[in-house]
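Colleague: This is the structure, below, for whatever I ask next.
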Amino acid sequence: MTKHAKAVFILKQSVIYLVLVIFGLFFLFPFVFMFFKSVMGDLESVGMPYVRFFPTEWHFENYAKVFDVDFIRYFRNTLIVVVCNMIGVPLASCLCAYGFARGHFRGKNVCFMFVLSTIMLPAAVTQVPVYILFKMFNMTGTLLPLIIPNLFGGGALNIFLARQFIRSLPKELDEAAVIDGAGRLKIFFSVILPLVKPIIIYIIVNTFMSCWRDFDSALVYIGNTASSREWQTLALGIYYKFLIRGTSDVYPNLQMATGVIMVIPVAVLFLIFQRQLIEGVVLTGIKG
């Protein structure tokens, strides 16, 4: 490579990195602003005497004020939903995917086509009949509607991704296990499940993020009645706490501090498993 070509290459790389840094700062700005606003004083956070970007004094005690009795209850309920779904969704989706990838039964492709067709259905289409169903069994106002539906299949997209991953595994592994006397479930738990770890991590992380920030489902199935307030999740409880009540003693700094706390688990989880998330999607494109 000549000096001129090397200089052009370095210049192009510098421009690319500069553009990426600018875009990165642009997308990080709301989070930086939220953090600075969360450590301001009460009057300063509402723009008195004038609007500031940087706080004059750092009030980290605002984060301690967030962790009241209500927040701890919201967190407990959200943790129950998250843990149950993080265990049930990967297991259910991988079981269904194993049947579609390795099973031999009449109408398999037609059934799989119907499963994929459910991706096209908006959530609003199924919310009303599902709500009526849970209402018939007196499950509304509890956490059960946020857990039970996800245990039946784990979602069409997760089934599709897991099926593509299982299809990339050599069938000789199954045949060797059959020779050793293993049944279908034994093959699934002992052979298939350990090998689909990348896609399981992908499903677990996405399940955590969807359950952690889920607001619509909690709003429909739990609501804000006197009996259901005990089971409100973080997203729903914070909504009613800061917006519906409209109390004058809730300043923007506490709202922003709550937002920072809500963002931290998702950001940390993504930073830890970002490589596995990318690998999980890439490897599902490999066909067996």
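Chain identifiers are assigned as A, B, and so on, following the order in which chains appear in the structure tokens; residues are numbered from 1 within each chain, and ligands are numbered from 1 in order of appearance.
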If you count only C-alpha atoms, which residues fall within 9 Å of Thr258 (chain A), apart from same-chain ones fewer than 6 positions away, as a ChimeraX atom specification?

Modeller: /A:38,63,66-67,238

Colleague: Would you save the residues of that selection, restricted to all heavy atoms, as a compact mmCIF listing (two decimals), in the first residue's frame?

Modeller:
```txt
# COMPACT_ATOMS: atom_id res chain seq x y z
N SER A 38 -31.85 14.17 37.33
CA SER A 38 -32.19 13.35 38.50
C SER A 38 -31.41 13.74 39.75
O SER A 38 -31.83 13.44 40.85
CB SER A 38 -31.93 11.87 38.19
OG SER A 38 -30.54 11.61 38.05
N TYR A 63 -32.09 9.36 44.70
CA TYR A 63 -32.23 7.94 44.38
C TYR A 63 -32.70 7.15 45.60
O TYR A 63 -33.41 6.15 45.45
CB TYR A 63 -30.90 7.38 43.86
CG TYR A 63 -30.57 7.86 42.47
CD1 TYR A 63 -29.84 9.03 42.27
CD2 TYR A 63 -31.00 7.15 41.36
CE1 TYR A 63 -29.53 9.47 41.00
CE2 TYR A 63 -30.71 7.59 40.08
CZ TYR A 63 -29.97 8.75 39.90
OH TYR A 63 -29.69 9.19 38.64
N VAL A 66 -36.46 7.35 45.92
CA VAL A 66 -37.24 6.54 44.97
C VAL A 66 -37.64 5.21 45.58
O VAL A 66 -38.74 4.70 45.35
CB VAL A 66 -36.42 6.32 43.67
CG1 VAL A 66 -37.13 5.32 42.75
CG2 VAL A 66 -36.22 7.65 42.96
N PHE A 67 -36.74 4.64 46.39
CA PHE A 67 -36.98 3.30 46.93
C PHE A 67 -37.90 3.36 48.16
O PHE A 67 -37.49 3.06 49.28
CB PHE A 67 -35.64 2.63 47.30
CG PHE A 67 -34.83 2.24 46.11
CD1 PHE A 67 -33.85 3.09 45.61
CD2 PHE A 67 -35.03 1.02 45.48
CE1 PHE A 67 -33.10 2.73 44.50
CE2 PHE A 67 -34.28 0.66 44.38
CZ PHE A 67 -33.31 1.51 43.88
N ILE A 238 -45.32 3.06 38.38
CA ILE A 238 -44.68 4.36 38.23
C ILE A 238 -45.57 5.31 37.44
O ILE A 238 -45.65 6.51 37.73
CB ILE A 238 -43.31 4.19 37.56
CG1 ILE A 238 -42.34 3.48 38.52
CG2 ILE A 238 -42.72 5.53 37.15
CD1 ILE A 238 -41.05 3.08 37.88
```

Colleague: Write down as a PyMOL selection string the residues of region 162-225 of chain A whose backbone DSSP state falls under helix (DSSP H, G or I).

Modeller: chain A and resi 162-167+172-179+184-195+197-212+216-221

Colleague: Quick one: residues within 10 Å of Tyr98 (chain A), only C-alpha atoms, excluding same-chain residues fewer than 6 positions away - as a PyMOL selection string?

Modeller: chain A and resi 92+159+162-167+184-185+188+192-193

Colleague: Tell me, as a list in words, which residues lie within 12 Å of Glu44 (chain A), counting only C-alpha atoms; anything in the same chain fewer than 5 positions away does not count.

Modeller: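 Close residues of Glu44 (chain A): Phe36, Lys37, Ser38, Val39, Pro49, Tyr50, Val51, Arg52, Phe53, Phe54, Pro55, Thr56, Glu57, Trp58, His59, Tyr251, Pro252 and Asn253 of chain A.
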
Colleague: Separation of CA of Leu91 (chain A) and CA of Gly154 (chain A), in Å?

Modeller: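 Straight-line distance from CA of Leu91 (chain A) to CA of Gly154 (chain A) works out to 7.8 Å.
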
Colleague: Taking only C-alpha atoms into account, name the residue in A:Ile187, A:Ile87, A:Ile261, A:Leu173 that is nearest to Met34 (chain A).

Modeller: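 Nearest candidate to Met34 (chain A) out of A:Ile187, A:Ile87, A:Ile261, A:Leu173: A:Ile261.
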
Colleague: Find the residues near region 221-233 of chain A: any atom within 8 Å, counting only C-alpha atoms, skip ones fewer than 3 places away on the same chain, and give them as number ranges by chain.

Modeller: A: 73-78, 131, 140-143, 145-146, 217-218, 236-237, 240

Colleague: Atoms to include: all heavy atoms. Write the selected residues as a compact mmCIF listing (two decimals), in the first residue's frame.

Modeller:
```
# COMPACT_ATOMS: atom_id res chain seq x y z
N ARG A 73 -42.58 -2.77 46.23
CA ARG A 73 -43.66 -3.68 45.86
C ARG A 73 -43.73 -3.84 44.33
O ARG A 73 -43.90 -4.95 43.83
CB ARG A 73 -44.98 -3.17 46.41
CG ARG A 73 -46.14 -4.14 46.16
CD ARG A 73 -47.44 -3.68 46.79
NE ARG A 73 -48.00 -2.50 46.15
CZ ARG A 73 -47.99 -1.27 46.68
NH1 ARG A 73 -47.45 -1.07 47.87
NH2 ARG A 73 -48.51 -0.24 46.03
N TYR A 74 -43.62 -2.74 43.61
CA TYR A 74 -43.61 -2.82 42.14
C TYR A 74 -42.45 -3.69 41.66
O TYR A 74 -42.61 -4.50 40.74
CB TYR A 74 -43.50 -1.42 41.53
CG TYR A 74 -44.57 -0.44 41.93
CD1 TYR A 74 -44.30 0.92 41.97
CD2 TYR A 74 -45.85 -0.88 42.27
CE1 TYR A 74 -45.28 1.83 42.34
CE2 TYR A 74 -46.84 0.03 42.63
CZ TYR A 74 -46.54 1.38 42.67
OH TYR A 74 -47.50 2.29 43.04
N PHE A 75 -41.31 -3.49 42.28
CA PHE A 75 -40.13 -4.25 41.88
C PHE A 75 -40.31 -5.74 42.15
O PHE A 75 -39.92 -6.58 41.34
CB PHE A 75 -38.89 -3.73 42.62
CG PHE A 75 -37.62 -4.46 42.28
CD1 PHE A 75 -36.93 -4.17 41.12
CD2 PHE A 75 -37.11 -5.44 43.11
CE1 PHE A 75 -35.77 -4.84 40.79
CE2 PHE A 75 -35.95 -6.12 42.80
CZ PHE A 75 -35.27 -5.82 41.63
N ARG A 76 -40.90 -6.08 43.29
CA ARG A 76 -41.16 -7.49 43.61
C ARG A 76 -42.07 -8.13 42.57
O ARG A 76 -41.79 -9.23 42.08
CB ARG A 76 -41.81 -7.58 45.00
CG ARG A 76 -42.16 -8.99 45.45
CD ARG A 76 -43.26 -8.96 46.48
NE ARG A 76 -44.50 -8.43 45.94
CZ ARG A 76 -45.57 -8.14 46.67
NH1 ARG A 76 -45.53 -8.28 47.98
NH2 ARG A 76 -46.67 -7.67 46.09
N ASN A 77 -43.13 -7.45 42.21
CA ASN A 77 -44.06 -8.00 41.23
C ASN A 77 -43.41 -8.15 39.86
O ASN A 77 -43.59 -9.16 39.17
CB ASN A 77 -45.29 -7.09 41.12
CG ASN A 77 -46.08 -7.02 42.41
OD1 ASN A 77 -46.03 -7.94 43.23
ND2 ASN A 77 -46.80 -5.93 42.61
N THR A 78 -42.64 -7.15 39.47
CA THR A 78 -41.94 -7.23 38.18
C THR A 78 -40.93 -8.36 38.17
O THR A 78 -40.78 -9.07 37.17
CB THR A 78 -41.23 -5.89 37.88
OG1 THR A 78 -42.19 -4.84 37.92
CG2 THR A 78 -40.59 -5.94 36.50
N TYR A 131 -58.45 -11.03 27.29
CA TYR A 131 -58.92 -10.39 28.52
C TYR A 131 -60.23 -11.02 28.99
O TYR A 131 -60.40 -11.28 30.20
CB TYR A 131 -59.11 -8.89 28.29
CG TYR A 131 -59.70 -8.17 29.48
CD1 TYR A 131 -58.89 -7.78 30.54
CD2 TYR A 131 -61.07 -7.91 29.55
CE1 TYR A 131 -59.42 -7.12 31.64
CE2 TYR A 131 -61.61 -7.26 30.64
CZ TYR A 131 -60.79 -6.87 31.68
OH TYR A 131 -61.33 -6.25 32.78
N THR A 140 -57.93 -11.60 36.23
CA THR A 140 -57.56 -10.20 36.03
C THR A 140 -57.29 -9.54 37.38
O THR A 140 -57.86 -9.91 38.40
CB THR A 140 -58.69 -9.45 35.31
OG1 THR A 140 -59.91 -9.60 36.04
CG2 THR A 140 -58.87 -9.98 33.90
N GLY A 141 -56.42 -8.56 37.35
CA GLY A 141 -56.02 -7.91 38.59
C GLY A 141 -54.92 -8.65 39.32
O GLY A 141 -54.57 -8.30 40.45
N THR A 142 -54.35 -9.68 38.67
CA THR A 142 -53.23 -10.44 39.24
C THR A 142 -52.09 -10.50 38.22
O THR A 142 -52.20 -9.96 37.11
CB THR A 142 -53.66 -11.86 39.62
OG1 THR A 142 -53.97 -12.60 38.42
CG2 THR A 142 -54.89 -11.84 40.52
N LEU A 143 -51.03 -11.18 38.57
CA LEU A 143 -49.87 -11.31 37.68
C LEU A 143 -50.02 -12.47 36.69
O LEU A 143 -49.21 -12.59 35.77
CB LEU A 143 -48.59 -11.51 38.50
CG LEU A 143 -48.21 -10.38 39.46
CD1 LEU A 143 -46.96 -10.76 40.24
CD2 LEU A 143 -48.00 -9.07 38.71
N PRO A 145 -52.09 -13.17 34.13
CA PRO A 145 -52.18 -12.88 32.69
C PRO A 145 -50.86 -12.46 32.06
O PRO A 145 -50.70 -12.54 30.84
CB PRO A 145 -53.21 -11.74 32.64
CG PRO A 145 -54.02 -11.90 33.86
CD PRO A 145 -53.04 -12.37 34.91
N LEU A 146 -49.91 -12.00 32.87
CA LEU A 146 -48.60 -11.60 32.34
C LEU A 146 -47.64 -12.77 32.25
O LEU A 146 -46.55 -12.63 31.69
CB LEU A 146 -47.99 -10.51 33.22
CG LEU A 146 -48.83 -9.26 33.47
CD1 LEU A 146 -48.05 -8.26 34.31
CD2 LEU A 146 -49.26 -8.64 32.15
N SER A 217 -49.74 -4.49 28.61
CA SER A 217 -50.38 -5.70 29.16
C SER A 217 -50.76 -5.50 30.62
O SER A 217 -51.84 -5.89 31.07
CB SER A 217 -49.45 -6.90 29.01
OG SER A 217 -49.17 -7.16 27.66
N ALA A 218 -49.85 -4.88 31.38
CA ALA A 218 -50.15 -4.62 32.79
C ALA A 218 -51.33 -3.67 32.94
O ALA A 218 -52.17 -3.83 33.83
CB ALA A 218 -48.92 -4.06 33.49
N LEU A 236 -46.30 0.07 35.26
CA LEU A 236 -47.65 0.54 35.56
C LEU A 236 -47.70 1.34 36.86
O LEU A 236 -48.35 2.39 36.93
CB LEU A 236 -48.59 -0.67 35.65
CG LEU A 236 -50.08 -0.36 35.87
CD1 LEU A 236 -50.64 0.40 34.68
CD2 LEU A 236 -50.87 -1.64 36.11
N GLY A 237 -47.03 0.86 37.89
CA GLY A 237 -47.06 1.56 39.17
C GLY A 237 -46.45 2.94 39.09
O GLY A 237 -46.99 3.91 39.66
N TYR A 240 -48.92 5.41 37.32
CA TYR A 240 -49.98 5.93 38.18
C TYR A 240 -49.42 6.80 39.30
O TYR A 240 -50.08 7.75 39.74
CB TYR A 240 -50.78 4.77 38.78
CG TYR A 240 -51.77 4.17 37.81
CD1 TYR A 240 -51.66 2.85 37.41
CD2 TYR A 240 -52.83 4.92 37.31
CE1 TYR A 240 -52.57 2.29 36.52
CE2 TYR A 240 -53.74 4.39 36.41
CZ TYR A 240 -53.61 3.07 36.03
OH TYR A 240 -54.50 2.53 35.15
```
